[in-house]
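See below for the structure under consideration.
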Number of protein chains: 2
Amino acid sequence: MMGGDQGIDVTASGVCLALNRHPDLSCTLVGDEPQIRTALKSVVDSDRVDIVHSSESVGMHESPASALRFKKDSSMRVALNLLGSGEVDACVSAGNTGALVATARFVLKTLSEIDRPAIISTLPRTHGHVYMLDLGANIDSAAELLMQFALMGESMVRTLEGIDHPSVGLLNVGSEEIKGSEVIKSANELLKESGVNYVGYVEGNDIFNGSVQLVVTDGFAGNIALKTSEGLAQMLIQVIREEFGRGLLTRIAALIAAPVLRSFKNRFDHRTYNGAVLLGLNGTVVKSHGNVDGLAFSHAIDTARLAAQKDLVGHIRHDLEASRVSLAKAAPL
Amino acid sequence: MMGGDQGIDVTASGVCLALNRHPDLSCTLVGDEPQIRTALKSVVDSDRVDIVHSSESVGMHESPASALRFKKDSSMRVALNLLGSGEVDACVSAGNTGALVATARFVLKTLSEIDRPAIISTLPRTHGHVYMLDLGANIDSAAELLMQFALMGESMVRTLEGIDHPSVGLLNVGSEEIKGSEVIKSANELLKESGVNYVGYVEGNDIFNGSVQLVVTDGFAGNIALKTSEGLAQMLIQVIREEFGRGLLTRIAALIAAPVLRSFKNRFDHRTYNGAVLLGLNGTVVKSHGNVDGLAFSHAIDTARLAAQKDLVGHIRHDLEASRVSLAKAAPL
């Protein structure tokens with residue numbers, strides 16, 4: 001189920017790919033019904049697809065406040081209402097991130113221990129991947145918020161990866177205790193007492209070297225790290241293509257190396273990692289990149305399906321409650 | 001001239017490489033004289049090398065305040081004193097960054113228009129490279145500081161690259177005006193009025209796609225972006241090696257593709273980009289990565305030599321003065 005503000009053809013092709021991949025999946029598409037019907041006709045013919053009409057959509061440059069106040073029949077709002085009322089199990093959107101976070105928070109409400117939702121996603125590593133949050137929902141996060149991110153992220157890694165006590169690092173500009181802002185230093189102290197498997201500060205390069213399974217950071221630095229990685233990976237893939245296209249011999253080498261290069265591209269193509277989860281809400285909301293193709297969008301649907309199947313929200317709710325109880329016991333008033 | 005806190009053998013081999021590359025270069029090494037003599041013996045025999053003895057060194061985990069107060073005969077302090085008294089033209093250090101910034105600021109003083117020094121370096125792009133600052137000297141930079149970074153960075157790109165009006169972007173989590181913290185929004189307004197060729201907000205991926213020639217950011221986000229890039233590039237180079245090593249056919253492909261892969265590695269190996277400049281001081285100070293080989297260290301020496309030859313500090317001083325005059329004219333009190 002999705003309110004996609006990208007081209008409807010991309011959404012339709014993503015839905016088609018995901019439905020083919022998962023016989024247990026059904027999708028409700030929200031938006032302009034005639035347009036959706038036209039787009040779907042060419043790609044899918046399935047009784048596992050529903051359409052719910054909505055008359056408006058949130059612009060990519062619209063402010064969250066404006067979306068919340070004036071777009072009560074936007075595809076985004078209607079889709080989140082369906083999730084809130086339990087008619088669907090998860091919601092995927094490629095729309096305006098700020099508006100999605102604000103609307104999801106308004107419609108679904110945050111979990112009782114959580115002040116603000118955070119965006120989490122995986123990034124590729126040599127073997128496997130690493131989770132990182134927040135990726136842009138919160139600018140200027142207080143230490144308590146960073147602590148909440150750690151607890152939610154830990155619960156997600158546990159639920160989806162089956163790792164009981166994933167190692168957690170706090171993103172900083174150095175590994176020494178004296179480094180970082182006052183907020184980072186306070187969060188460091190909170191995390192030491194939190195009961196999570198906290199290994200301390202990590203730096204930007206540690207995201208990819210396997211030091212930790214979960215990286216905690218505020219939304220500003222997290223978004224910079226994520227987008228920097230995407231930009232660099234895209235550039236490197238382009239440069240490899242250029243380098244192999246330089247001469248006859250390199251082109252022959254490229255032919256022989258084609259499976260290797262394809263495997264490399266697939267592993268680090270950011271489309272494979274499309275689909276970030278909004279954590280901390282009473283419901284599973286997945287954010288797809290706005291500017292992607294059907295394949296990437298289908299990966300966001302996969303993420304939503306997995307989170308719903310594994311009852312991610314239920315696990316987070318349970319783990320937060322358990323952590324509150326254990327923290328209260330450790331430090332009675 | 002350099003006070004290196006890495007292994008003295010690395011420093012010596014870097015000096016040797018740089019001396020061979022530049023017949024006009026001479027180096028003064030600062031540190032434990034007997035150790036330096038031993039290390040130099042095996043790699044260089046040149047009348048272009050001086051040694052100045054110092055009895056202490058600053059530890060990599062020592063606080064800047066402690067280095068400043070208690071290490072008055074550290075290699076770092078002695079080297080900076082030589083720069084301050086004009087006995088050398090530039091200073092290269094692979095030591096503790098915080099201590100280097102604090103000591104350089106104390107010994108050399110900042111330029112009159114500058115509140116705090118910033119660290120600037122280049123990052124590779126598909127064609128050429130991009131400059132970015134601050135990379136970690138200032139955590140929590142105010143808008144006025146970001147504005148100073150932009151002016152100094154512009155002057156550096158102009159001086160070293162010969163680009164009169166380099167395009168400047170402010171690193172943010174989105175390109176829309178409503179995005180970012182209050183500090184970022186204030187800096188955005190200052191930059192619009194500054195006279196620099198300011199194109200507005202850029203995101204992490206824009207660092208590498210050629211949108212701008214200079215990226216301005218605070219030291220926290222800048223350090224995260226830099227280290228994330230280094231970590232990702234290292235991982236990708238390692239994965240390419242692994243992928244090509246998988247089977248017989250891929251190994252043959254790797255042999256044929258060897259020059260391509262080597263060229264790729266050389267272009268994106270972060271050692272090639274070693275040597276960040278501390279801007280805003282009355283003197284040229286270059287920071288080398290702490291954990292590198294001689295080749296990388298020689299690149300840091302190259303950077304120091306170039307900055308000194310082009311009179312980078314003189315140009316920045318001149319440009320800041322000109323910008324102050326023109327800003328004062330634009331907005332008379």
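Ordering of the structure tokens sets the chain letters (A, B, ...), residue numbers begin anew at 1 in every chain, and ligands are numbered from 1 in the order given.
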
As a compact mmCIF listing (two decimals) with C-alpha atoms, in the first residue's frame, please: chain B after a least-squares superposition onto chain A using all C-alpha atoms matched in order.
# COMPACT_ATOMS: atom_id res chain seq x y z
CA MET B 1 -0.02 -0.01 0.03
CA MET B 2 1.55 3.20 -0.98
CA GLY B 3 1.12 6.86 -1.61
CA GLY B 4 3.85 7.57 -4.11
CA ASP B 5 4.53 11.09 -5.28
CA GLN B 6 6.97 9.96 -7.93
CA GLY B 7 5.73 9.05 -11.39
CA ILE B 8 2.82 6.64 -11.12
CA ASP B 9 4.47 4.38 -13.73
CA VAL B 10 7.43 3.81 -11.42
CA THR B 11 5.11 2.95 -8.54
CA ALA B 12 3.13 0.58 -10.74
CA SER B 13 6.22 -1.21 -12.01
CA GLY B 14 7.57 -1.50 -8.45
CA VAL B 15 4.27 -2.97 -7.26
CA CYS B 16 4.31 -5.44 -10.14
CA LEU B 17 7.86 -6.60 -9.31
CA ALA B 18 7.05 -6.98 -5.61
CA LEU B 19 3.80 -8.89 -6.28
CA ASN B 20 5.66 -11.32 -8.54
CA ARG B 21 8.32 -11.83 -5.88
CA HIS B 22 5.90 -12.42 -2.98
CA PRO B 23 2.76 -14.52 -3.52
CA ASP B 24 1.59 -13.53 -0.01
CA LEU B 25 1.64 -9.81 -0.81
CA SER B 26 -1.28 -7.60 -1.72
CA CYS B 27 -1.13 -3.87 -2.37
CA THR B 28 -3.50 -0.95 -2.06
CA LEU B 29 -2.53 1.99 -4.24
CA VAL B 30 -3.65 5.43 -3.17
CA GLY B 31 -3.90 8.39 -5.54
CA ASP B 32 -5.74 9.55 -8.62
CA GLU B 33 -7.80 6.47 -9.54
CA PRO B 34 -8.02 6.90 -13.33
CA GLN B 35 -4.25 7.55 -13.55
CA ILE B 36 -3.49 4.52 -11.41
CA ARG B 37 -5.82 2.32 -13.51
CA THR B 38 -4.06 3.40 -16.70
CA ALA B 39 -0.60 2.79 -15.26
CA LEU B 40 -1.53 -0.58 -13.79
CA LYS B 41 -3.16 -1.89 -16.95
CA SER B 42 0.13 -2.24 -18.76
CA VAL B 43 2.04 -3.96 -15.99
CA VAL B 44 -0.21 -6.02 -13.76
CA ASP B 45 -3.41 -8.01 -13.85
CA SER B 46 -3.96 -9.21 -10.35
CA ASP B 47 -6.70 -9.54 -7.79
CA ARG B 48 -4.08 -8.64 -5.21
CA VAL B 49 -4.25 -4.95 -6.07
CA ASP B 50 -6.74 -2.43 -4.67
CA ILE B 51 -7.07 1.23 -5.53
CA VAL B 52 -8.21 3.96 -3.16
CA HIS B 53 -8.86 7.33 -4.71
CA SER B 54 -7.48 10.56 -3.29
CA SER B 55 -7.92 13.97 -4.88
CA GLU B 56 -4.75 15.77 -3.77
CA SER B 57 -1.02 15.23 -3.49
CA VAL B 58 1.72 16.81 -1.40
CA GLY B 59 4.33 18.71 -3.43
CA MET B 60 8.00 17.83 -3.01
CA HIS B 61 8.79 21.37 -1.86
CA GLU B 62 5.69 21.84 0.30
CA SER B 63 6.26 22.48 3.99
CA PRO B 64 5.23 19.74 6.45
CA ALA B 65 2.90 22.22 8.20
CA SER B 66 1.14 23.08 4.94
CA ALA B 67 0.76 19.40 3.99
CA LEU B 68 -0.70 18.65 7.41
CA ARG B 69 -3.13 21.57 7.42
CA PHE B 70 -4.30 21.83 3.82
CA LYS B 71 -3.89 18.40 2.21
CA LYS B 72 -6.40 16.28 4.07
CA ASP B 73 -7.17 14.25 0.96
CA SER B 74 -3.59 13.81 -0.23
CA SER B 75 -2.51 10.30 -1.23
CA MET B 76 -0.04 10.43 1.68
CA ARG B 77 -2.68 11.33 4.27
CA VAL B 78 -5.26 8.85 2.96
CA ALA B 79 -2.66 6.06 2.87
CA LEU B 80 -1.61 6.78 6.46
CA ASN B 81 -5.27 6.86 7.54
CA LEU B 82 -5.70 3.36 6.08
CA LEU B 83 -2.69 2.23 8.12
CA GLY B 84 -3.99 3.93 11.26
CA SER B 85 -7.38 2.22 10.95
CA GLY B 86 -5.73 -1.16 10.41
CA GLU B 87 -6.98 -1.63 6.85
CA VAL B 88 -3.40 -2.13 5.66
CA ASP B 89 -0.30 -3.44 7.51
CA ALA B 90 2.29 -0.99 6.25
CA CYS B 91 2.60 2.18 4.20
CA VAL B 92 5.23 2.99 1.55
CA SER B 93 5.73 6.50 0.22
CA ALA B 94 8.17 8.11 -2.17
CA GLY B 95 6.87 11.56 -1.26
CA ASN B 96 8.17 14.61 0.59
CA THR B 97 10.08 13.28 3.62
CA GLY B 98 9.28 16.15 5.99
CA ALA B 99 5.58 15.97 5.18
CA LEU B 100 5.57 12.19 5.54
CA VAL B 101 7.22 12.33 8.99
CA ALA B 102 4.86 15.07 10.20
CA THR B 103 1.71 13.46 8.79
CA ALA B 104 2.66 9.96 10.03
CA ARG B 105 3.31 11.40 13.48
CA PHE B 106 -0.04 13.19 13.46
CA VAL B 107 -2.07 10.25 12.18
CA LEU B 108 -0.34 7.33 13.91
CA LYS B 109 1.16 9.02 17.01
CA THR B 110 4.56 8.07 18.40
CA LEU B 111 5.08 5.13 20.76
CA SER B 112 4.67 6.15 24.39
CA GLU B 113 8.43 6.14 25.19
CA ILE B 114 9.38 8.02 22.02
CA ASP B 115 9.43 11.78 21.51
CA ARG B 116 10.04 11.91 17.78
CA PRO B 117 10.24 9.33 14.97
CA ALA B 118 13.58 8.63 13.29
CA ILE B 119 14.51 7.33 9.85
CA ILE B 120 16.59 4.15 9.71
CA SER B 121 18.08 2.27 6.77
CA THR B 122 20.80 -0.20 5.93
CA LEU B 123 24.05 0.57 4.14
CA PRO B 124 26.19 -2.05 2.38
CA ARG B 125 29.37 -3.46 3.90
CA THR B 126 31.96 -5.89 2.55
CA HIS B 127 29.92 -8.68 4.08
CA GLY B 128 26.30 -7.93 4.95
CA HIS B 129 25.14 -4.48 5.91
CA VAL B 130 24.97 -1.97 8.74
CA TYR B 131 21.97 -0.08 10.13
CA MET B 132 22.11 3.68 10.67
CA LEU B 133 19.66 6.20 12.18
CA ASP B 134 18.54 8.99 12.16
CA LEU B 135 18.89 9.76 8.45
CA GLY B 136 17.12 13.10 8.37
CA ALA B 137 13.90 13.23 10.37
CA ASN B 138 15.45 15.24 13.22
CA ILE B 139 17.85 18.15 12.92
CA ASP B 140 19.54 19.12 16.22
CA SER B 141 18.70 16.00 18.23
CA ALA B 142 19.11 16.20 22.02
CA ALA B 143 21.02 13.47 23.87
CA GLU B 144 17.79 11.84 25.11
CA LEU B 145 16.60 11.58 21.52
CA LEU B 146 19.86 9.90 20.43
CA MET B 147 19.34 7.43 23.27
CA GLN B 148 15.81 6.69 22.00
CA PHE B 149 17.22 6.16 18.50
CA ALA B 150 19.67 3.61 19.91
CA LEU B 151 16.93 1.66 21.71
CA MET B 152 14.64 1.59 18.66
CA GLY B 153 17.49 0.73 16.31
CA GLU B 154 18.69 -2.09 18.55
CA SER B 155 15.19 -3.51 18.63
CA MET B 156 14.94 -3.35 14.83
CA VAL B 157 18.28 -5.11 14.24
CA ARG B 158 17.26 -7.76 16.78
CA THR B 159 13.86 -8.27 15.13
CA LEU B 160 14.93 -8.28 11.49
CA GLU B 161 18.41 -9.82 11.74
CA GLY B 162 17.96 -12.12 14.73
CA ILE B 163 20.99 -10.62 16.50
CA ASP B 164 20.21 -10.50 20.23
CA HIS B 165 22.63 -7.77 21.26
CA PRO B 166 23.79 -5.87 18.19
CA SER B 167 26.82 -3.65 18.74
CA VAL B 168 25.96 0.04 18.74
CA GLY B 169 28.25 3.01 18.00
CA LEU B 170 27.64 6.76 18.31
CA LEU B 171 28.84 8.72 15.27
CA ASN B 172 31.44 11.31 16.21
CA VAL B 173 34.49 13.13 14.85
CA GLY B 174 36.96 11.03 16.83
CA SER B 175 37.04 7.98 19.05
CA GLU B 176 38.51 9.70 22.12
CA GLU B 177 36.24 10.63 25.04
CA ILE B 178 37.14 14.33 24.78
CA LYS B 179 35.87 14.61 21.19
CA GLY B 180 32.50 15.94 20.06
CA SER B 181 29.83 18.41 21.06
CA GLU B 182 28.19 18.58 24.49
CA VAL B 183 25.13 16.76 23.09
CA ILE B 184 27.31 13.90 21.84
CA LYS B 185 29.13 13.67 25.17
CA SER B 186 25.82 13.54 27.10
CA ALA B 187 24.45 10.89 24.74
CA ASN B 188 27.66 8.91 25.26
CA GLU B 189 27.04 8.88 29.02
CA LEU B 190 23.37 7.90 28.58
CA LEU B 191 24.28 5.07 26.21
CA LYS B 192 26.88 3.66 28.61
CA GLU B 193 24.10 3.21 31.18
CA SER B 194 21.41 2.12 28.74
CA GLY B 195 21.88 -1.63 28.65
CA VAL B 196 22.47 -1.66 24.88
CA ASN B 197 25.68 -3.28 23.64
CA TYR B 198 27.32 0.14 23.27
CA VAL B 199 30.91 0.16 22.01
CA GLY B 200 31.43 3.95 22.15
CA TYR B 201 32.19 6.55 19.50
CA VAL B 202 32.64 5.57 15.87
CA GLU B 203 33.84 7.72 12.97
CA GLY B 204 32.57 8.01 9.40
CA ASN B 205 34.89 5.29 8.09
CA ASP B 206 33.67 2.88 10.79
CA ILE B 207 30.22 2.80 9.14
CA PHE B 208 31.66 0.47 6.50
CA ASN B 209 34.40 -1.46 8.29
CA GLY B 210 32.28 -3.71 10.47
CA SER B 211 33.08 -2.03 13.82
CA VAL B 212 29.40 -1.96 14.75
CA GLN B 213 26.05 -3.29 13.53
CA LEU B 214 24.13 -0.10 14.33
CA VAL B 215 25.29 3.51 13.97
CA VAL B 216 23.42 6.16 15.96
CA THR B 217 23.56 9.81 14.91
CA ASP B 218 21.39 12.88 14.63
CA GLY B 219 19.44 13.43 11.44
CA PHE B 220 21.78 16.08 10.08
CA ALA B 221 25.03 14.10 10.24
CA GLY B 222 23.20 10.88 9.33
CA ASN B 223 21.68 12.40 6.21
CA ILE B 224 25.05 13.86 5.19
CA ALA B 225 26.76 10.47 5.69
CA LEU B 226 24.06 8.63 3.73
CA LYS B 227 23.92 11.03 0.79
CA THR B 228 27.72 11.34 0.68
CA SER B 229 27.95 7.54 0.43
CA GLU B 230 25.34 7.41 -2.31
CA GLY B 231 27.07 10.16 -4.27
CA LEU B 232 30.51 8.58 -3.96
CA ALA B 233 29.27 5.08 -4.90
CA GLN B 234 27.46 6.46 -7.96
CA MET B 235 30.57 8.36 -9.02
CA LEU B 236 32.85 5.33 -8.56
CA ILE B 237 30.54 3.09 -10.60
CA GLN B 238 30.56 5.72 -13.35
CA VAL B 239 34.35 6.05 -13.24
CA ILE B 240 34.84 2.27 -13.46
CA ARG B 241 32.65 2.32 -16.56
CA GLU B 242 34.72 5.17 -18.03
CA GLU B 243 38.05 3.52 -17.20
CA PHE B 244 36.99 0.28 -18.87
CA GLY B 245 35.75 2.15 -21.92
CA ARG B 246 39.07 3.90 -22.62
CA GLY B 247 40.63 1.54 -25.21
CA LEU B 248 40.21 -1.72 -27.09
CA LEU B 249 42.12 -3.80 -24.54
CA THR B 250 40.21 -2.37 -21.60
CA ARG B 251 36.93 -3.03 -23.40
CA ILE B 252 37.90 -6.67 -23.86
CA ALA B 253 38.80 -6.78 -20.17
CA ALA B 254 35.41 -5.30 -19.36
CA LEU B 255 33.69 -8.05 -21.36
CA ILE B 256 35.53 -10.76 -19.46
CA ALA B 257 35.04 -8.92 -16.20
CA ALA B 258 31.36 -8.19 -16.89
CA PRO B 259 29.93 -10.61 -14.29
CA VAL B 260 32.34 -9.26 -11.68
CA LEU B 261 31.46 -5.67 -12.47
CA ARG B 262 27.75 -6.44 -12.50
CA SER B 263 27.98 -8.18 -9.13
CA PHE B 264 29.91 -5.18 -7.79
CA LYS B 265 27.33 -2.75 -9.13
CA ASN B 266 24.43 -4.75 -7.69
CA ARG B 267 26.04 -4.88 -4.27
CA PHE B 268 26.62 -1.15 -4.05
CA ASP B 269 23.87 0.29 -6.19
CA HIS B 270 21.88 2.39 -3.75
CA ARG B 271 18.64 1.19 -5.35
CA THR B 272 19.19 -2.18 -3.66
CA TYR B 273 19.18 -0.35 -0.35
CA ASN B 274 16.09 1.69 -1.08
CA GLY B 275 13.42 1.72 1.63
CA ALA B 276 14.10 3.51 4.91
CA VAL B 277 11.81 2.84 7.89
CA LEU B 278 10.25 5.56 10.05
CA LEU B 279 10.79 4.17 13.55
CA GLY B 280 8.92 5.14 16.70
CA LEU B 281 5.38 5.23 15.29
CA ASN B 282 2.31 3.09 15.93
CA GLY B 283 2.59 1.59 12.46
CA THR B 284 5.08 0.57 9.77
CA VAL B 285 5.91 3.44 7.43
CA VAL B 286 8.59 3.07 4.76
CA LYS B 287 10.14 5.95 2.85
CA SER B 288 11.35 5.27 -0.68
CA HIS B 289 13.76 7.61 -2.41
CA GLY B 290 11.81 10.08 -4.50
CA ASN B 291 13.84 9.73 -7.64
CA VAL B 292 14.16 6.01 -8.34
CA ASP B 293 13.01 3.32 -10.75
CA GLY B 294 10.55 0.47 -10.28
CA LEU B 295 13.22 -1.96 -9.10
CA ALA B 296 14.27 0.38 -6.31
CA PHE B 297 10.65 1.04 -5.36
CA SER B 298 10.00 -2.70 -5.18
CA HIS B 299 12.81 -2.97 -2.61
CA ALA B 300 11.03 -0.40 -0.45
CA ILE B 301 7.87 -2.56 -0.67
CA ASP B 302 9.97 -5.60 0.35
CA THR B 303 11.17 -3.72 3.42
CA ALA B 304 7.61 -2.78 4.40
CA ARG B 305 6.42 -6.37 3.92
CA LEU B 306 9.25 -7.77 6.05
CA ALA B 307 8.74 -5.24 8.85
CA ALA B 308 5.00 -5.95 8.94
CA GLN B 309 5.47 -9.74 8.85
CA LYS B 310 8.00 -9.66 11.68
CA ASP B 311 5.79 -7.30 13.71
CA LEU B 312 8.57 -4.75 14.00
CA VAL B 313 6.36 -2.19 15.75
CA GLY B 314 5.21 -4.74 18.33
CA HIS B 315 8.81 -5.74 19.09
CA ILE B 316 9.95 -2.15 19.48
CA ARG B 317 7.02 -1.40 21.80
CA HIS B 318 7.88 -4.46 23.89
CA ASP B 319 11.63 -3.72 24.01
CA LEU B 320 11.12 -0.07 24.96
CA GLU B 321 8.83 -1.11 27.81
CA ALA B 322 11.36 -3.72 29.01
CA SER B 323 14.19 -1.21 28.80
CA ARG B 324 12.21 1.38 30.78
CA VAL B 325 11.54 -1.16 33.52
CA SER B 326 15.17 -2.26 33.69
CA LEU B 327 16.47 1.34 33.67
CA ALA B 328 14.02 2.26 36.43
CA LYS B 329 15.26 -0.71 38.49
CA ALA B 330 18.91 0.22 37.89
CA ALA B 331 18.38 3.80 39.04
CA PRO B 332 15.46 3.98 41.48
CA LEU B 333 14.36 7.47 42.41

Exercise. Running DSSP on the backbone, which parts of stretch 130-308 of chain B land in strand (DSSP E or B), as a list in words?
Worked result: Val130, Tyr131, Met132, Leu133, Ser167, Val168, Gly169, Leu170, Leu171, Asn197, Tyr198, Val199, Gly200, Tyr201, Val202, Leu214, Val215, Val216, Ala276, Val277, Leu278, Leu279, Leu281, Thr284, Val285, Val286 and Lys287 of chain B
